[in-house]
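**Student:** Structure file model.pdb (PDB, C-alpha atoms and all ligand atoms) is given on the next line.
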```pdb
ATOM      1  CA  MET B 232      13.039  18.376 -53.806
ATOM      2  CA  SER B 233      15.084  17.635 -50.745
ATOM      3  CA  ASN B 234      14.597  19.949 -47.820
ATOM      4  CA  ILE B 235      16.752  18.703 -44.987
ATOM      5  CA  VAL B 236      16.860  20.033 -41.453
ATOM      6  CA  ALA B 237      19.338  18.641 -38.929
ATOM      7  CA  ILE B 238      19.155  18.813 -35.153
ATOM      8  CA  VAL B 239      22.497  19.258 -33.370
ATOM      9  CA  GLY B 240      23.519  19.966 -29.814
ATOM     10  CA  ARG B 241      25.234  18.434 -26.835
ATOM     11  CA  PRO B 242      23.751  15.430 -24.979
ATOM     12  CA  ASN B 243      20.629  15.830 -22.856
ATOM     13  CA  VAL B 244      19.369  19.134 -24.204
ATOM     14  CA  GLY B 245      16.294  17.364 -25.604
ATOM     15  CA  LYS B 246      17.179  16.793 -29.274
ATOM     16  CA  SER B 247      15.388  13.455 -29.471
ATOM     17  CA  THR B 248      12.355  14.747 -27.587
ATOM     18  CA  LEU B 249      12.151  17.624 -30.069
ATOM     19  CA  PHE B 250      12.565  15.225 -32.999
ATOM     20  CA  ASN B 251       9.706  13.103 -31.681
ATOM     21  CA  ARG B 252       7.537  16.145 -31.107
ATOM     22  CA  LEU B 253       8.101  17.578 -34.587
ATOM     23  CA  THR B 254       7.740  14.286 -36.413
ATOM     24  CA  GLU B 255       4.949  13.141 -34.111
ATOM     25  CA  SER B 256       6.734   9.852 -33.781
ATOM     26  CA  ARG B 257       8.379   7.925 -31.009
ATOM     27  CA  ARG B 258      11.295   6.813 -33.106
ATOM     28  CA  ALA B 259      14.073   8.720 -31.433
ATOM     29  CA  ILE B 260      15.117   7.216 -28.136
ATOM     30  CA  VAL B 261      14.829   9.667 -25.276
ATOM     31  CA  ASP B 262      17.317   9.022 -22.557
ATOM     32  CA  ASP B 263      17.613  10.413 -19.062
ATOM     33  CA  GLU B 264      21.259   9.451 -18.944
ATOM     34  CA  SER B 265      23.992  10.672 -21.246
ATOM     35  CA  GLY B 266      26.310   8.314 -22.993
ATOM     36  CA  VAL B 267      24.592   5.776 -25.220
ATOM     37  CA  THR B 268      25.674   5.144 -28.797
ATOM     38  CA  ARG B 269      22.904   5.692 -31.265
ATOM     39  CA  ASP B 270      22.507   6.072 -34.982
ATOM     40  CA  ARG B 271      21.079   9.042 -36.742
ATOM     41  CA  LEU B 272      17.333   9.059 -37.221
ATOM     42  CA  TYR B 273      15.335  10.468 -40.093
ATOM     43  CA  GLY B 274      11.729  11.606 -39.958
ATOM     44  CA  LYS B 275       9.332  13.579 -42.146
ATOM     45  CA  VAL B 276       7.665  16.823 -41.187
ATOM     46  CA  LEU B 277       4.852  18.539 -43.093
ATOM     47  CA  TRP B 278       4.146  22.128 -42.064
ATOM     48  CA  ASN B 279       2.123  24.773 -43.949
ATOM     49  CA  GLY B 280       2.320  22.638 -47.082
ATOM     50  CA  VAL B 281       6.118  22.345 -46.935
ATOM     51  CA  GLU B 282       7.667  18.942 -46.396
ATOM     52  CA  PHE B 283      11.142  18.421 -45.031
ATOM     53  CA  SER B 284      13.297  15.625 -43.660
ATOM     54  CA  LEU B 285      14.376  16.009 -40.084
ATOM     55  CA  ILE B 286      17.583  14.365 -38.873
ATOM     56  CA  ASP B 287      18.294  13.663 -35.221
ATOM     57  CA  THR B 288      22.087  13.535 -35.278
ATOM     58  CA  GLY B 289      22.213  12.788 -31.579
ATOM     59  CA  GLY B 290      24.221   9.567 -31.509
ATOM     60  CA  TYR B 291      27.199   9.842 -29.219
ATOM     61  CA  VAL B 292      29.495   7.660 -27.214
ATOM     62  CA  SER B 293      29.986   7.576 -23.492
ATOM     63  CA  GLY B 294      33.137   8.899 -21.985
ATOM     64  CA  SER B 295      34.937  12.054 -21.095
ATOM     65  CA  ASP B 296      34.138  15.566 -22.246
ATOM     66  CA  ASP B 297      36.815  15.147 -24.921
ATOM     67  CA  ILE B 298      34.965  12.238 -26.470
ATOM     68  CA  PHE B 299      31.714  14.162 -26.265
ATOM     69  CA  GLU B 300      33.290  17.119 -27.935
ATOM     70  CA  GLU B 301      34.712  14.921 -30.678
ATOM     71  CA  SER B 302      31.397  13.189 -31.435
ATOM     72  CA  ILE B 303      29.492  16.456 -31.364
ATOM     73  CA  ARG B 304      32.027  17.860 -33.794
ATOM     74  CA  GLU B 305      31.286  14.855 -36.038
ATOM     75  CA  GLN B 306      27.552  15.495 -35.665
ATOM     76  CA  VAL B 307      27.923  19.099 -36.695
ATOM     77  CA  HIS B 308      29.996  18.128 -39.724
ATOM     78  CA  VAL B 309      27.296  15.717 -40.848
ATOM     79  CA  ALA B 310      24.700  18.435 -40.389
ATOM     80  CA  ILE B 311      26.753  20.974 -42.301
ATOM     81  CA  GLU B 312      27.164  18.563 -45.196
ATOM     82  CA  GLU B 313      23.642  17.208 -45.395
ATOM     83  CA  ALA B 314      21.289  19.897 -44.135
ATOM     84  CA  ASP B 315      19.811  23.078 -45.550
ATOM     85  CA  VAL B 316      18.920  24.357 -42.107
ATOM     86  CA  ILE B 317      20.506  23.465 -38.760
ATOM     87  CA  MET B 318      18.568  23.511 -35.507
ATOM     88  CA  PHE B 319      21.070  24.075 -32.713
ATOM     89  CA  VAL B 320      19.336  22.903 -29.550
ATOM     90  CA  VAL B 321      20.353  24.315 -26.158
ATOM     91  CA  ASP B 322      18.867  23.826 -22.708
ATOM     92  CA  VAL B 323      17.470  26.729 -20.715
ATOM     93  CA  GLU B 324      17.507  24.635 -17.544
ATOM     94  CA  SER B 325      21.289  24.289 -17.554
ATOM     95  CA  GLY B 326      22.141  27.473 -19.429
ATOM     96  CA  ILE B 327      25.173  27.854 -21.693
ATOM     97  CA  THR B 328      27.944  25.292 -21.197
ATOM     98  CA  ASP B 329      31.450  24.981 -22.650
ATOM     99  CA  LEU B 330      30.214  22.380 -25.131
ATOM    100  CA  ASP B 331      27.487  24.784 -26.281
ATOM    101  CA  GLN B 332      30.168  27.383 -26.813
ATOM    102  CA  SER B 333      32.274  25.073 -28.970
ATOM    103  CA  VAL B 334      29.282  24.057 -31.093
ATOM    104  CA  ALA B 335      28.325  27.722 -31.479
ATOM    105  CA  GLN B 336      31.862  28.542 -32.544
ATOM    106  CA  MET B 337      31.693  25.915 -35.300
ATOM    107  CA  LEU B 338      28.274  27.057 -36.459
ATOM    108  CA  ARG B 339      29.214  30.731 -36.592
ATOM    109  CA  ARG B 340      31.744  29.814 -39.273
ATOM    110  CA  VAL B 341      29.386  27.924 -41.623
ATOM    111  CA  SER B 342      27.294  29.384 -44.386
ATOM    112  CA  LYS B 343      24.277  27.174 -43.599
ATOM    113  CA  LYS B 344      21.278  28.743 -41.941
ATOM    114  CA  VAL B 345      21.193  28.111 -38.213
ATOM    115  CA  VAL B 346      18.337  28.567 -35.766
ATOM    116  CA  VAL B 347      19.006  28.349 -32.047
ATOM    117  CA  VAL B 348      16.310  26.368 -30.259
ATOM    118  CA  ALA B 349      16.172  27.087 -26.537
ATOM    119  CA  ASN B 350      14.476  23.957 -25.240
ATOM    120  CA  LYS B 351      12.833  23.165 -21.877
ATOM    121  CA  VAL B 352      11.037  26.508 -21.874
ATOM    122  CA  ASP B 353       8.114  24.942 -20.018
ATOM    123  CA  ASN B 354       6.932  28.198 -18.435
ATOM    124  CA  HIS B 355       7.115  31.968 -18.722
ATOM    125  CA  GLN B 356      10.094  32.445 -16.388
ATOM    126  CA  ARG B 357      12.172  30.161 -18.544
ATOM    127  CA  ALA B 358      11.295  32.222 -21.613
ATOM    128  CA  LEU B 359      12.952  35.172 -19.890
ATOM    129  CA  ASP B 360      16.014  33.063 -19.022
ATOM    130  CA  ALA B 361      16.409  32.123 -22.674
ATOM    131  CA  VAL B 362      17.652  35.596 -23.702
ATOM    132  CA  GLU B 363      21.137  34.550 -22.559
ATOM    133  CA  PHE B 364      21.400  32.394 -25.693
ATOM    134  CA  TYR B 365      21.610  35.489 -27.873
ATOM    135  CA  SER B 366      25.157  35.791 -26.552
ATOM    136  CA  LEU B 367      26.067  32.688 -28.630
ATOM    137  CA  GLY B 368      26.223  35.055 -31.581
ATOM    138  CA  LEU B 369      23.834  33.143 -33.840
ATOM    139  CA  ASP B 370      20.900  34.963 -35.359
ATOM    140  CA  GLU B 371      17.565  33.790 -34.064
ATOM    141  CA  VAL B 372      16.638  32.152 -30.770
ATOM    142  CA  TYR B 373      13.339  30.276 -30.626
ATOM    143  CA  THR B 374      11.979  29.113 -27.298
ATOM    144  CA  VAL B 375      10.220  25.767 -27.157
ATOM    145  CA  SER B 376       9.123  23.091 -24.754
ATOM    146  CA  SER B 377       9.529  19.775 -26.505
ATOM    147  CA  VAL B 378       7.637  18.174 -23.647
ATOM    148  CA  ASN B 379       4.473  20.302 -23.853
ATOM    149  CA  GLY B 380       4.833  21.516 -27.440
ATOM    150  CA  SER B 381       4.762  25.238 -26.767
ATOM    151  CA  GLY B 382       6.712  27.358 -29.229
ATOM    152  CA  THR B 383       7.089  24.577 -31.783
ATOM    153  CA  GLY B 384       4.596  26.220 -34.165
ATOM    154  CA  ASP B 385       6.628  29.430 -34.334
ATOM    155  CA  LEU B 386       9.819  27.414 -34.767
ATOM    156  CA  LEU B 387       8.330  25.456 -37.684
ATOM    157  CA  ASP B 388       6.985  28.664 -39.270
ATOM    158  CA  ALA B 389      10.507  30.078 -39.204
ATOM    159  CA  VAL B 390      12.136  26.913 -40.553
ATOM    160  CA  VAL B 391       9.803  26.454 -43.532
ATOM    161  CA  ASN B 392      10.197  30.154 -44.297
ATOM    162  CA  ILE B 393      13.944  29.878 -44.706
ATOM    163  CA  LEU B 394      13.971  26.493 -46.484
TER     164      LEU B 394
HETATM  165  P1  LIG B 401      19.131  14.430 -26.219
HETATM  166  O1  LIG B 401      20.261  13.722 -25.560
HETATM  167  O2  LIG B 401      19.541  15.829 -26.595
HETATM  168  O3  LIG B 401      18.530  13.685 -27.364
HETATM  169  O4  LIG B 401      17.990  14.613 -25.093
HETATM  170  P2  LIG B 401      16.662  13.734 -24.839
HETATM  171  O5  LIG B 401      15.613  14.056 -25.859
HETATM  172  O6  LIG B 401      17.058  12.320 -24.675
HETATM  173  O7  LIG B 401      16.161  14.380 -23.467
HETATM  174  C1  LIG B 401      16.996  14.464 -22.320
HETATM  175  C2  LIG B 401      16.125  14.736 -21.102
HETATM  176  O8  LIG B 401      15.533  16.042 -21.174
HETATM  177  C3  LIG B 401      14.967  13.763 -20.945
HETATM  178  O9  LIG B 401      14.811  13.485 -19.569
HETATM  179  C4  LIG B 401      13.771  14.544 -21.461
HETATM  180  O10 LIG B 401      12.546  14.133 -20.917
HETATM  181  C5  LIG B 401      14.125  15.953 -21.010
HETATM  182  N1  LIG B 401      13.456  16.985 -21.835
HETATM  183  C6  LIG B 401      13.441  17.071 -23.174
HETATM  184  N2  LIG B 401      12.716  18.130 -23.595
HETATM  185  C7  LIG B 401      12.250  18.749 -22.470
HETATM  186  C8  LIG B 401      11.439  19.911 -22.233
HETATM  187  O11 LIG B 401      10.956  20.606 -23.142
HETATM  188  N3  LIG B 401      11.190  20.236 -20.932
HETATM  189  C9  LIG B 401      11.687  19.491 -19.897
HETATM  190  N4  LIG B 401      11.383  19.892 -18.664
HETATM  191  N5  LIG B 401      12.446  18.393 -20.080
HETATM  192  C10 LIG B 401      12.736  18.018 -21.348
HETATM  193 MG    MG B 402      19.067  11.913 -28.297
END
```
For the structure just supplied, provide its representation as structure tokens.
**Tutor:**
Amino acid sequence: MSNIVAIVGRPNVGKSTLFNRLTESRRAIVDDESGVTRDRLYGKVLWNGVEFSLIDTGGYVSGSDDIFEESIREQVHVAIEEADVIMFVVDVESGITDLDQSVAQMLRRVSKKVVVVANKVDNHQRALDAVEFYSLGLDEVYTVSSVNGSGTGDLLDAVVNIL
């Protein structure tokens, strides 16, 4: 059995913080600044009796938006190849950016199951702001705060259901 879930998204949306929260580890490096090269990280998650591997694909290189776009493209390709389910993490604090749009465009074309994770929903107002992510044209949007853990239970319920 190999259930694999990959986390993708542009820098700074909170992918590594989410990875750490879901795997209850501190293995992914959380960075306040964009632009550090990192390898992929693998962790295990057990939820409702279902185990899966979680991949933080968040390694990227510093540089211009072009380089970002290129490395995110690479990330998404890895996820598409390796994962059964893709968590596409976006940031409710910053809203939808051009890079989010290009990732969404790639993901709309793949046959893998994708869940949109609207992160940094630390309070009720931000939950309301998160509806804008439905415009990305990907099925489900789950709101979470990777910092305080809210919403992660519902997200995990959904993920193990579709695995
Ligand atoms: P990554 O580049 O996508 O892996 O993002 P990181 O996990 O390194 O996080 C980038 C920044 O966002 C860090 O300063 C985190 O503390 C912050 N962050 C991550 N999750 C949350 C959240 O749920 N709420 C808030 N307010 N900040 C968050
Ligand atoms: Mg990261």
**Student:** Excluding B:Ile286 and residues on its chain fewer than 6 positions from it, collect all residues at most 9 Å away from it, counting all atoms listed in the file, and give them as a ChimeraX atom specification.
**Tutor:** /B:235-239,250,271-275,310,314
**Student:** Please give me, as a PyMOL selection string, the residues lying within 7 Å of ligand LIG 401 (chain B) when counting only C-alpha atoms and all ligand atoms.
**Tutor:** chain B and resi 240-249+260-263+265+289+350-353+375-379
**Student:** Go through B:Asn251, B:Ser366, B:Asn279, B:Thr288 one by one, measure the shortest atom-to-atom distance of each to B:Ile327 using all atoms listed in the file, and give the residue with the smallest value.
**Tutor:**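 Answer, going by the shortest atom-to-atom distance: B:Ser366.
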**Student:** Counting only C-alpha atoms and all ligand atoms, figure out which residue out of B:Val320, B:Asn234, B:Arg339, B:Arg304 gets nearest to ligand MG 402 (chain B).
**Tutor:**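 Of B:Val320, B:Asn234, B:Arg339, B:Arg304, the one nearest ligand MG 402 (chain B), counting only C-alpha atoms and all ligand atoms, is B:Val320.
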**Student:** Using only C-alpha atoms, what residues lie at most 12 Å away from (23.0, 33.8, -28.8) (file coordinates), given as a PyMOL selection string?
**Tutor:** chain B and resi 319-321+326-327+331-332+334-336+338-339+345-349+361-373
**Student:** Translate the PyMOL selection byres (((chain B and resi 280) around 12) and not hetatm) into a concrete residue list for this structure, as a ChimeraX atom specification.
**Tutor:** /B:276-279,281-283,387-388,391-392
**Student:** Mind giving me the straight-line distance from atom CA of B:Met337 to atom CA of B:Ile311 in Å, one decimal?
**Tutor:**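 Distance between the two atoms: 9.9 Å.
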**Student:** To one decimal in Å, tell me the separation between atom CA of B:Val341 and atom CA of B:Leu394.
**Tutor:**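 That distance, rounded to one decimal, is 16.2 Å.
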**Student:** Quick one: pull the distance between atom CA of B:Glu305 and atom CA of B:Arg340, Å, one decimal.
**Tutor:** 15.3 Å
**Student:** Name the closest residue to B:Asp322 among the candidates B:Thr374, B:Thr383, B:Ser302, B:Gln356; distances are taken between atoms, counting all atoms listed in the file.
**Tutor:** B:Thr374
**Student:** Looking at only C-alpha atoms and all ligand atoms, which of B:Asn354, B:Ser381, B:Thr328, B:Gln306 is the one that sits closest to ligand MG 402 (chain B)?
**Tutor:**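 Once distances to ligand MG 402 (chain B) are computed over only C-alpha atoms and all ligand atoms, the minimum belongs to B:Gln306.
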**Student:** Would you fill out stretch 235-253 of chain B with N, CA and C atoms and return it as an mmCIF file, in the frame of the given file?
**Tutor:**
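What landed in selection_34.cif:
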```cif
data_model
loop_
_atom_site.group_PDB
_atom_site.id
_atom_site.type_symbol
_atom_site.label_atom_id
_atom_site.label_comp_id
_atom_site.auth_asym_id
_atom_site.auth_seq_id
_atom_site.Cartn_x
_atom_site.Cartn_y
_atom_site.Cartn_z
ATOM 1 N N ILE B 235 16.234 19.460 -46.123
ATOM 2 C CA ILE B 235 16.752 18.703 -44.987
ATOM 3 C C ILE B 235 17.098 19.632 -43.831
ATOM 4 N N VAL B 236 16.595 19.268 -42.674
ATOM 5 C CA VAL B 236 16.860 20.033 -41.453
ATOM 6 C C VAL B 236 17.523 19.085 -40.459
ATOM 7 N N ALA B 237 18.628 19.498 -39.884
ATOM 8 C CA ALA B 237 19.338 18.641 -38.929
ATOM 9 C C ALA B 237 19.308 19.261 -37.537
ATOM 10 N N ILE B 238 19.139 18.397 -36.552
ATOM 11 C CA ILE B 238 19.155 18.813 -35.153
ATOM 12 C C ILE B 238 20.527 18.486 -34.576
ATOM 13 N N VAL B 239 21.219 19.494 -34.043
ATOM 14 C CA VAL B 239 22.497 19.258 -33.370
ATOM 15 C C VAL B 239 22.464 19.861 -31.969
ATOM 16 N N GLY B 240 23.418 19.444 -31.172
ATOM 17 C CA GLY B 240 23.519 19.966 -29.814
ATOM 18 C C GLY B 240 24.131 18.919 -28.911
ATOM 19 N N ARG B 241 24.584 19.353 -27.762
ATOM 20 C CA ARG B 241 25.234 18.434 -26.835
ATOM 21 C C ARG B 241 24.209 17.459 -26.235
ATOM 22 N N PRO B 242 24.671 16.402 -25.572
ATOM 23 C CA PRO B 242 23.751 15.430 -24.979
ATOM 24 C C PRO B 242 22.814 16.060 -23.953
ATOM 25 N N ASN B 243 21.600 15.504 -23.912
ATOM 26 C CA ASN B 243 20.629 15.830 -22.856
ATOM 27 C C ASN B 243 19.894 17.156 -22.963
ATOM 28 N N VAL B 244 20.095 17.877 -24.051
ATOM 29 C CA VAL B 244 19.369 19.134 -24.204
ATOM 30 C C VAL B 244 17.933 18.914 -24.676
ATOM 31 N N GLY B 245 17.662 17.681 -25.160
ATOM 32 C CA GLY B 245 16.294 17.364 -25.604
ATOM 33 C C GLY B 245 16.133 17.241 -27.108
ATOM 34 N N LYS B 246 17.241 16.921 -27.808
ATOM 35 C CA LYS B 246 17.179 16.793 -29.274
ATOM 36 C C LYS B 246 16.187 15.726 -29.712
ATOM 37 N N SER B 247 16.261 14.555 -29.058
ATOM 38 C CA SER B 247 15.388 13.455 -29.471
ATOM 39 C C SER B 247 13.933 13.724 -29.114
ATOM 40 N N THR B 248 13.717 14.386 -27.987
ATOM 41 C CA THR B 248 12.355 14.747 -27.587
ATOM 42 C C THR B 248 11.770 15.726 -28.603
ATOM 43 N N LEU B 249 12.590 16.670 -29.046
ATOM 44 C CA LEU B 249 12.151 17.624 -30.069
ATOM 45 C C LEU B 249 11.859 16.910 -31.387
ATOM 46 N N PHE B 250 12.765 16.008 -31.773
ATOM 47 C CA PHE B 250 12.565 15.225 -32.999
ATOM 48 C C PHE B 250 11.221 14.502 -32.951
ATOM 49 N N ASN B 251 10.962 13.851 -31.825
ATOM 50 C CA ASN B 251 9.706 13.103 -31.681
ATOM 51 C C ASN B 251 8.502 14.028 -31.738
ATOM 52 N N ARG B 252 8.632 15.179 -31.124
ATOM 53 C CA ARG B 252 7.537 16.145 -31.107
ATOM 54 C C ARG B 252 7.231 16.636 -32.526
ATOM 55 N N LEU B 253 8.301 16.984 -33.261
ATOM 56 C CA LEU B 253 8.101 17.578 -34.587
ATOM 57 C C LEU B 253 7.670 16.551 -35.619
#
```
